[in-house]
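As structure tokens, the structure follows; a few thoughts come after it.
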Amino acid sequence: MHPEPVSPTLAGARTETEDRGDGAVPSAGDGAEALARDLDELVTATTRVREAIDSVVSGRPGLAETTVAVVLAEGHLLIEDVPGVGKTTLAKALARSIDCRVGRIQFTPDLLPSDLTGVNIFRTATHDFEFRPGPVFNNVVIGDEINRASPKTQSALLECMEEGQTTIDGTTHTLPRPFLVVATQNPVEMEGTYPLPEAQRDRFMARLTVGYPDTDAELQMLDRQESADPLAHLSPVTTGADMVRYADAVRAVYAAGAVKQYVLDLVGATRQHEGVRLGASPRASLQLLRAAKAAAAMAGREHVLPDDVQDLAVPVLAHRLILSTESRLGGVTPEDVVAEIVQRTAVPGARVSVAPSAGSFARPAREHGR
């Protein structure tokens, strides 16, 4: 099989040109050169962001890569694990490394929707209402233990996450860009918690499990944090404005028709699996493709490979599935189901031999066309 075709934009195959405003018509290669420059900068910047995250949350391979891919794809992140493994630290390290405004919310049962979105306050001096924005008016919103708040409060985030805006007393307020919700929840302690509804889980692009570090990494953590907090010494390596520009470049990454069909095959298989009661939604197809584009861009490529889709299938799809009673009683997890689907779904074409550049995902060699 031939390698995946490059983006028509990068190949100079633009069929339409735009007036730049000075009367000059740009050449077909102008857009290609600009996109290529953005991708080069993206690889360098995201490598530094991943290194910054790894310097704080070490010993968890692949964690920083998926986190940065979600940011570039303009999604939202759900981090689920037991207490004390670095969920909140990961979110703070990400926010500090990209130099963005951070809002942190500790979700509790008595939290109200207005505590998240903001409230209108009546000023007697001016006889008018003044809007006081809530924590969601930040670039990175950290929601600690999101499942401890009531469903009414959880639902206050739905419009924010999907549309980048919030409506308060009939007035719509646009949220800043980039806008990322990083929510954490504890899957072990269920007393006094409210499970996230399917509609809200579906709005998270990916779910990550931080996990325990290995012995060497934990020993290194003890040495680093024995007398100092690594977050206090973490300096920004890029800016939020740059991340917005890189996100626009990610949208221009090319996905061939066969790759898109592969995404649909994977998502469609979750709806037909005998152990699944509710499969992934069409939103999952779109977010899996966007995340794969981000992975390709981080690898320095202007086109998506099936490998990119496979690497992100579990974190993007697993949390959206509702398993049948038989599967749950049999100890099957959503991650097991997605891994099985990836294993048995035919891959379009042979493995494309593309030399990965700096900052690419480390993938083991494997055969396609199973």
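Following the order of the structure tokens, first chain is A, next is B, and so on, with residues numbered from 1 inside each chain and ligands from 1 in the order they appear.
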
At most 9 Å is the cut-off: for each residue in segment 78-126 of chain A with any atom that close to an atom of segment 173-182 of chain A, write down the nearest atom pair and the distance in Å rounded to one decimal, counting only C-alpha atoms, chain first then increasing number, as a tab-separated table.
```
residue	atom	partner	partner_atom	distance
A:Leu78	CA	A:Val182	CA	5.9
A:Ile79	CA	A:Val182	CA	7.3
A:Thr88	CA	A:Val182	CA	8.7
A:Ala91	CA	A:Val182	CA	6.4
A:Cys100	CA	A:Pro178	CA	8.5
```

(message) I'd like the neighbourhood of segment 190-206 of chain A as a list of chain:residue names, where a residue qualifies if any of its atoms comes within 8 Å (using only C-alpha atoms), though same-chain residues fewer than 6 positions away should be ignored.
(response)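 Close residues of segment 190-206 of chain A: A:Val70, A:Gly75, A:His76, A:Leu77, A:Leu78, A:Pro109, A:Asn147, A:Arg148, A:Ala149, A:Ser150, A:Pro151, A:Gln154, A:Ser155, A:Leu158, A:Met161, A:Glu162, A:Ser281, A:Arg283, A:Ala284, A:Gln287, A:Leu288, A:Pro315, A:Val316, A:Leu317, A:His319, A:Arg320.
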
Excluding Ile53 of chain A and residues on its chain fewer than 4 positions from it, collect all residues at most 8 Å away from it, counting only C-alpha atoms, and give them as a PDB file with all heavy atoms, in the first residue's frame.
```
ATOM      1  N   VAL A  49       6.354  21.213  26.787  1.00  0.00           N
ATOM      2  CA  VAL A  49       5.235  21.096  27.724  1.00  0.00           C
ATOM      3  C   VAL A  49       5.207  19.705  28.336  1.00  0.00           C
ATOM      4  O   VAL A  49       5.019  19.544  29.557  1.00  0.00           O
ATOM      5  CB  VAL A  49       3.901  21.406  27.018  1.00  0.00           C
ATOM      6  CG1 VAL A  49       2.718  21.098  27.940  1.00  0.00           C
ATOM      7  CG2 VAL A  49       3.846  22.860  26.571  1.00  0.00           C
ATOM      8  N   VAL A  57       5.070  15.147  37.387  1.00  0.00           N
ATOM      9  CA  VAL A  57       4.368  13.859  37.504  1.00  0.00           C
ATOM     10  C   VAL A  57       5.165  12.845  36.694  1.00  0.00           C
ATOM     11  O   VAL A  57       4.904  12.650  35.506  1.00  0.00           O
ATOM     12  CB  VAL A  57       2.921  13.959  36.999  1.00  0.00           C
ATOM     13  CG1 VAL A  57       2.169  12.667  37.272  1.00  0.00           C
ATOM     14  CG2 VAL A  57       2.196  15.120  37.643  1.00  0.00           C
ATOM     15  N   SER A  58       6.129  12.215  37.308  1.00  0.00           N
ATOM     16  CA  SER A  58       7.044  11.326  36.589  1.00  0.00           C
ATOM     17  C   SER A  58       6.640   9.871  36.780  1.00  0.00           C
ATOM     18  O   SER A  58       5.868   9.521  37.671  1.00  0.00           O
ATOM     19  CB  SER A  58       8.483  11.535  37.070  1.00  0.00           C
ATOM     20  OG  SER A  58       8.585  11.303  38.460  1.00  0.00           O
ATOM     21  N   ALA A  64       1.506  12.460  29.807  1.00  0.00           N
ATOM     22  CA  ALA A  64       1.677  13.832  29.315  1.00  0.00           C
ATOM     23  C   ALA A  64       1.290  13.934  27.842  1.00  0.00           C
ATOM     24  O   ALA A  64       0.707  14.939  27.410  1.00  0.00           O
ATOM     25  CB  ALA A  64       3.122  14.288  29.518  1.00  0.00           C
ATOM     26  N   LEU A  90      -1.123  17.103  38.136  1.00  0.00           N
ATOM     27  CA  LEU A  90      -1.020  17.051  36.675  1.00  0.00           C
ATOM     28  C   LEU A  90      -1.716  18.250  36.041  1.00  0.00           C
ATOM     29  O   LEU A  90      -1.161  18.898  35.143  1.00  0.00           O
ATOM     30  CB  LEU A  90      -1.642  15.745  36.169  1.00  0.00           C
ATOM     31  CG  LEU A  90      -1.862  15.630  34.655  1.00  0.00           C
ATOM     32  CD1 LEU A  90      -0.533  15.623  33.913  1.00  0.00           C
ATOM     33  CD2 LEU A  90      -2.670  14.381  34.313  1.00  0.00           C
ATOM     34  N   ALA A  93       0.285  21.425  36.699  1.00  0.00           N
ATOM     35  CA  ALA A  93       1.518  21.458  35.906  1.00  0.00           C
ATOM     36  C   ALA A  93       1.230  21.842  34.463  1.00  0.00           C
ATOM     37  O   ALA A  93       1.974  22.620  33.846  1.00  0.00           O
ATOM     38  CB  ALA A  93       2.207  20.097  35.964  1.00  0.00           C
ATOM     39  N   LEU A  94       0.138  21.330  33.912  1.00  0.00           N
ATOM     40  CA  LEU A  94      -0.251  21.691  32.549  1.00  0.00           C
ATOM     41  C   LEU A  94      -0.539  23.186  32.460  1.00  0.00           C
ATOM     42  O   LEU A  94      -0.028  23.878  31.558  1.00  0.00           O
ATOM     43  CB  LEU A  94      -1.480  20.892  32.132  1.00  0.00           C
ATOM     44  CG  LEU A  94      -2.162  21.336  30.837  1.00  0.00           C
ATOM     45  CD1 LEU A  94      -1.250  21.112  29.649  1.00  0.00           C
ATOM     46  CD2 LEU A  94      -3.494  20.612  30.645  1.00  0.00           C
ATOM     47  N   SER A  97       2.619  25.339  32.757  1.00  0.00           N
ATOM     48  CA  SER A  97       3.562  25.224  31.646  1.00  0.00           C
ATOM     49  C   SER A  97       3.118  25.996  30.415  1.00  0.00           C
ATOM     50  O   SER A  97       3.946  26.390  29.593  1.00  0.00           O
ATOM     51  CB  SER A  97       3.771  23.745  31.287  1.00  0.00           C
ATOM     52  OG  SER A  97       2.568  23.159  30.818  1.00  0.00           O
TER      53      SER A  97
END
```

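Atom to atom, atom CA of Gly257 of chain A and atom CA of Leu35 of chain A stand 21.1 Å apart.
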
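Coordinates place atom CA of Ala252 of chain A at a distance of 20.7 Å from atom CA of Pro282 of chain A.
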
(request) Kindly indicate which residue among A:Val141, A:Ala95, A:Ala292, A:Leu323 lies nearest to Tyr254 of chain A, using only C-alpha atoms for the distances. (result)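 Going through A:Val141, A:Ala95, A:Ala292, A:Leu323 one by one, the smallest distance to Tyr254 of chain A is for A:Ala292.
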
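Distance annotation: of A:Gln185, A:Leu219, A:Arg328, A:Val337, the residue with the minimal separation from Gly59 of chain A is A:Leu219; atom set is only C-alpha atoms.
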
(message) Taking 5 positions as the minimum chain separation for residues in the same chain, which residues sit within 8 Å of Arg277 of chain A when counting only C-alpha atoms? Answer as a list in words.
(response) Arg271, Leu321, Ile322, Leu323 and Ser324 of chain A

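Minimum atom-to-atom distance to Ala318 of chain A, evaluated using only C-alpha atoms, belongs to A:Val267 out of A:Val250, A:Val267, A:Leu157, A:Leu63.
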
Set out as JSON lines a contact list for segment 244-358 of chain A and segment 45-48 of chain A with a cut-off of 10 Å, giving each residue of segment 244-358 of chain A that qualifies its closest atom pair and distance in Å to one decimal, counting only C-alpha atoms, ordered by chain and rising residue number.
```
{"residue": "A:Tyr246", "atom": "CA", "partner": "A:Ala45", "partner_atom": "CA", "distance": 9.4}
{"residue": "A:Ala297", "atom": "CA", "partner": "A:Thr46", "partner_atom": "CA", "distance": 9.8}
{"residue": "A:Met298", "atom": "CA", "partner": "A:Thr46", "partner_atom": "CA", "distance": 6.9}
{"residue": "A:Ala299", "atom": "CA", "partner": "A:Thr47", "partner_atom": "CA", "distance": 9.7}
{"residue": "A:Ala358", "atom": "CA", "partner": "A:Thr47", "partner_atom": "CA", "distance": 7.7}
```

Go ahead and save the picked residues with N, CA, C and O atoms, as a CSV table (one decimal), in the first residue's frame.
```csv
chain,number,residue,atom,x,y,z
A,246,TYR,N,-1.6,26.8,17.6
A,246,TYR,CA,-1.3,25.4,17.3
A,246,TYR,C,-2.6,24.5,17.2
A,246,TYR,O,-2.6,23.6,16.3
A,297,ALA,N,0.1,15.8,14.6
A,297,ALA,CA,0.8,17.0,14.6
A,297,ALA,C,2.0,17.0,15.6
A,297,ALA,O,3.1,17.5,15.4
A,298,MET,N,1.8,16.4,16.8
A,298,MET,CA,2.8,16.3,17.8
A,298,MET,C,4.0,15.4,17.3
A,298,MET,O,5.1,15.6,17.7
A,299,ALA,N,3.7,14.5,16.4
A,299,ALA,CA,4.7,13.7,15.8
A,299,ALA,C,5.4,14.3,14.6
A,299,ALA,O,6.2,13.7,13.9
A,358,ALA,N,11.1,14.5,16.5
A,358,ALA,CA,11.2,14.8,17.9
A,358,ALA,C,9.9,15.1,18.5
A,358,ALA,O,9.1,15.9,17.9
```

(message) Please identify the helix (DSSP H, G or I) residues within segment 59-164 of chain A (assignment by DSSP from backbone atoms) and present them as a ChimeraX atom specification.
(response) /A:63-72,87-97,113-117,146-148,151-163

Prev. selection, C-alpha atoms, output as an mmCIF file, in the first residue's frame:
```
data_model
loop_
_atom_site.group_PDB
_atom_site.id
_atom_site.type_symbol
_atom_site.label_atom_id
_atom_site.label_comp_id
_atom_site.auth_asym_id
_atom_site.auth_seq_id
_atom_site.Cartn_x
_atom_site.Cartn_y
_atom_site.Cartn_z
ATOM 1 C CA LEU A 63 0.217 10.503 30.451
ATOM 2 C CA ALA A 64 1.677 13.832 29.315
ATOM 3 C CA GLU A 65 1.290 12.939 25.617
ATOM 4 C CA THR A 66 -2.436 12.284 25.901
ATOM 5 C CA THR A 67 -2.952 15.358 28.083
ATOM 6 C CA VAL A 68 -1.286 17.688 25.570
ATOM 7 C CA ALA A 69 -3.144 16.030 22.680
ATOM 8 C CA VAL A 70 -6.460 16.869 24.392
ATOM 9 C CA VAL A 71 -5.393 20.502 24.771
ATOM 10 C CA LEU A 72 -4.428 20.749 21.088
ATOM 11 C CA LYS A 87 -4.392 14.088 39.529
ATOM 12 C CA THR A 88 -4.582 17.727 40.614
ATOM 13 C CA THR A 89 -0.820 18.126 40.313
ATOM 14 C CA LEU A 90 -1.020 17.051 36.675
ATOM 15 C CA ALA A 91 -3.677 19.685 35.942
ATOM 16 C CA LYS A 92 -1.696 22.414 37.715
ATOM 17 C CA ALA A 93 1.518 21.458 35.906
ATOM 18 C CA LEU A 94 -0.251 21.691 32.549
ATOM 19 C CA ALA A 95 -1.735 25.114 33.348
ATOM 20 C CA ARG A 96 1.551 26.529 34.595
ATOM 21 C CA SER A 97 3.562 25.224 31.646
ATOM 22 C CA PRO A 113 -24.303 26.379 39.732
ATOM 23 C CA SER A 114 -23.687 30.100 40.283
ATOM 24 C CA ASP A 115 -20.552 29.210 42.253
ATOM 25 C CA LEU A 116 -19.144 27.944 38.944
ATOM 26 C CA THR A 117 -20.519 30.294 36.321
ATOM 27 C CA ILE A 146 -16.455 16.621 40.322
ATOM 28 C CA ASN A 147 -18.682 13.703 41.308
ATOM 29 C CA ARG A 148 -19.200 15.164 44.810
ATOM 30 C CA PRO A 151 -26.262 16.791 39.196
ATOM 31 C CA LYS A 152 -27.711 20.316 39.010
ATOM 32 C CA THR A 153 -24.278 21.826 39.686
ATOM 33 C CA GLN A 154 -22.532 19.362 37.380
ATOM 34 C CA SER A 155 -24.902 20.360 34.580
ATOM 35 C CA ALA A 156 -23.718 23.982 34.840
ATOM 36 C CA LEU A 157 -20.599 22.881 32.984
ATOM 37 C CA LEU A 158 -22.427 21.338 30.017
ATOM 38 C CA GLU A 159 -22.854 24.529 27.988
ATOM 39 C CA CYS A 160 -19.372 25.715 28.928
ATOM 40 C CA MET A 161 -17.707 22.518 27.741
ATOM 41 C CA GLU A 162 -19.657 22.113 24.524
ATOM 42 C CA GLU A 163 -20.056 25.675 23.262
#
```

(message) Under the rule that only C-alpha atoms are counted, which of A:Glu51, A:Asp128, A:Glu41, A:Asp336 is the nearest residue to Leu234 of chain A?
(response)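 The answer is A:Glu51, which sits nearest to Leu234 of chain A.
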
(message) Which residues are near Val342 of chain A? Cut-off 12 Å, only C-alpha atoms, ignore same chain within fewer than 4 positions. Put them as JSON, numbers by chain.
(response) {"A": [262, 263, 264, 265, 266, 267, 268, 269, 270, 306, 307, 309, 310, 311, 312, 313, 314, 317, 318, 335, 336, 337, 338, 346, 347, 368, 369, 370]}

For the selection just defined, write its residues with C-alpha atoms to a file, as a compact mmCIF listing (two decimals), in the first residue's frame.
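Written file, result.txt:
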```
# COMPACT_ATOMS: atom_id res chain seq x y z
CA TYR A 262 -11.54 3.42 10.35
CA VAL A 263 -12.69 5.81 13.09
CA LEU A 264 -16.32 5.08 12.21
CA ASP A 265 -15.64 1.34 12.20
CA LEU A 266 -14.20 1.49 15.73
CA VAL A 267 -17.01 3.64 17.09
CA GLY A 268 -19.67 1.59 15.29
CA ALA A 269 -18.25 -1.61 16.77
CA THR A 270 -18.87 -0.28 20.29
CA PRO A 306 -4.19 4.53 11.80
CA ASP A 307 -1.62 4.30 14.62
CA VAL A 309 -6.32 6.50 16.10
CA GLN A 310 -5.33 3.27 17.83
CA ASP A 311 -3.15 4.99 20.43
CA LEU A 312 -6.04 7.20 21.55
CA ALA A 313 -8.97 4.82 21.14
CA VAL A 314 -9.02 3.64 24.77
CA LEU A 317 -13.88 5.85 23.88
CA ALA A 318 -13.80 3.75 27.06
CA GLU A 335 -10.99 -0.50 28.47
CA ASP A 336 -10.99 -4.25 27.79
CA VAL A 337 -13.87 -3.87 25.33
CA VAL A 338 -12.21 -1.03 23.39
CA ALA A 346 -9.44 -4.28 10.16
CA VAL A 347 -6.88 -1.50 9.68
CA HIS A 368 -1.54 -3.89 10.44
CA GLY A 369 -4.21 -5.63 8.43
CA ARG A 370 -4.94 -8.17 11.10
```
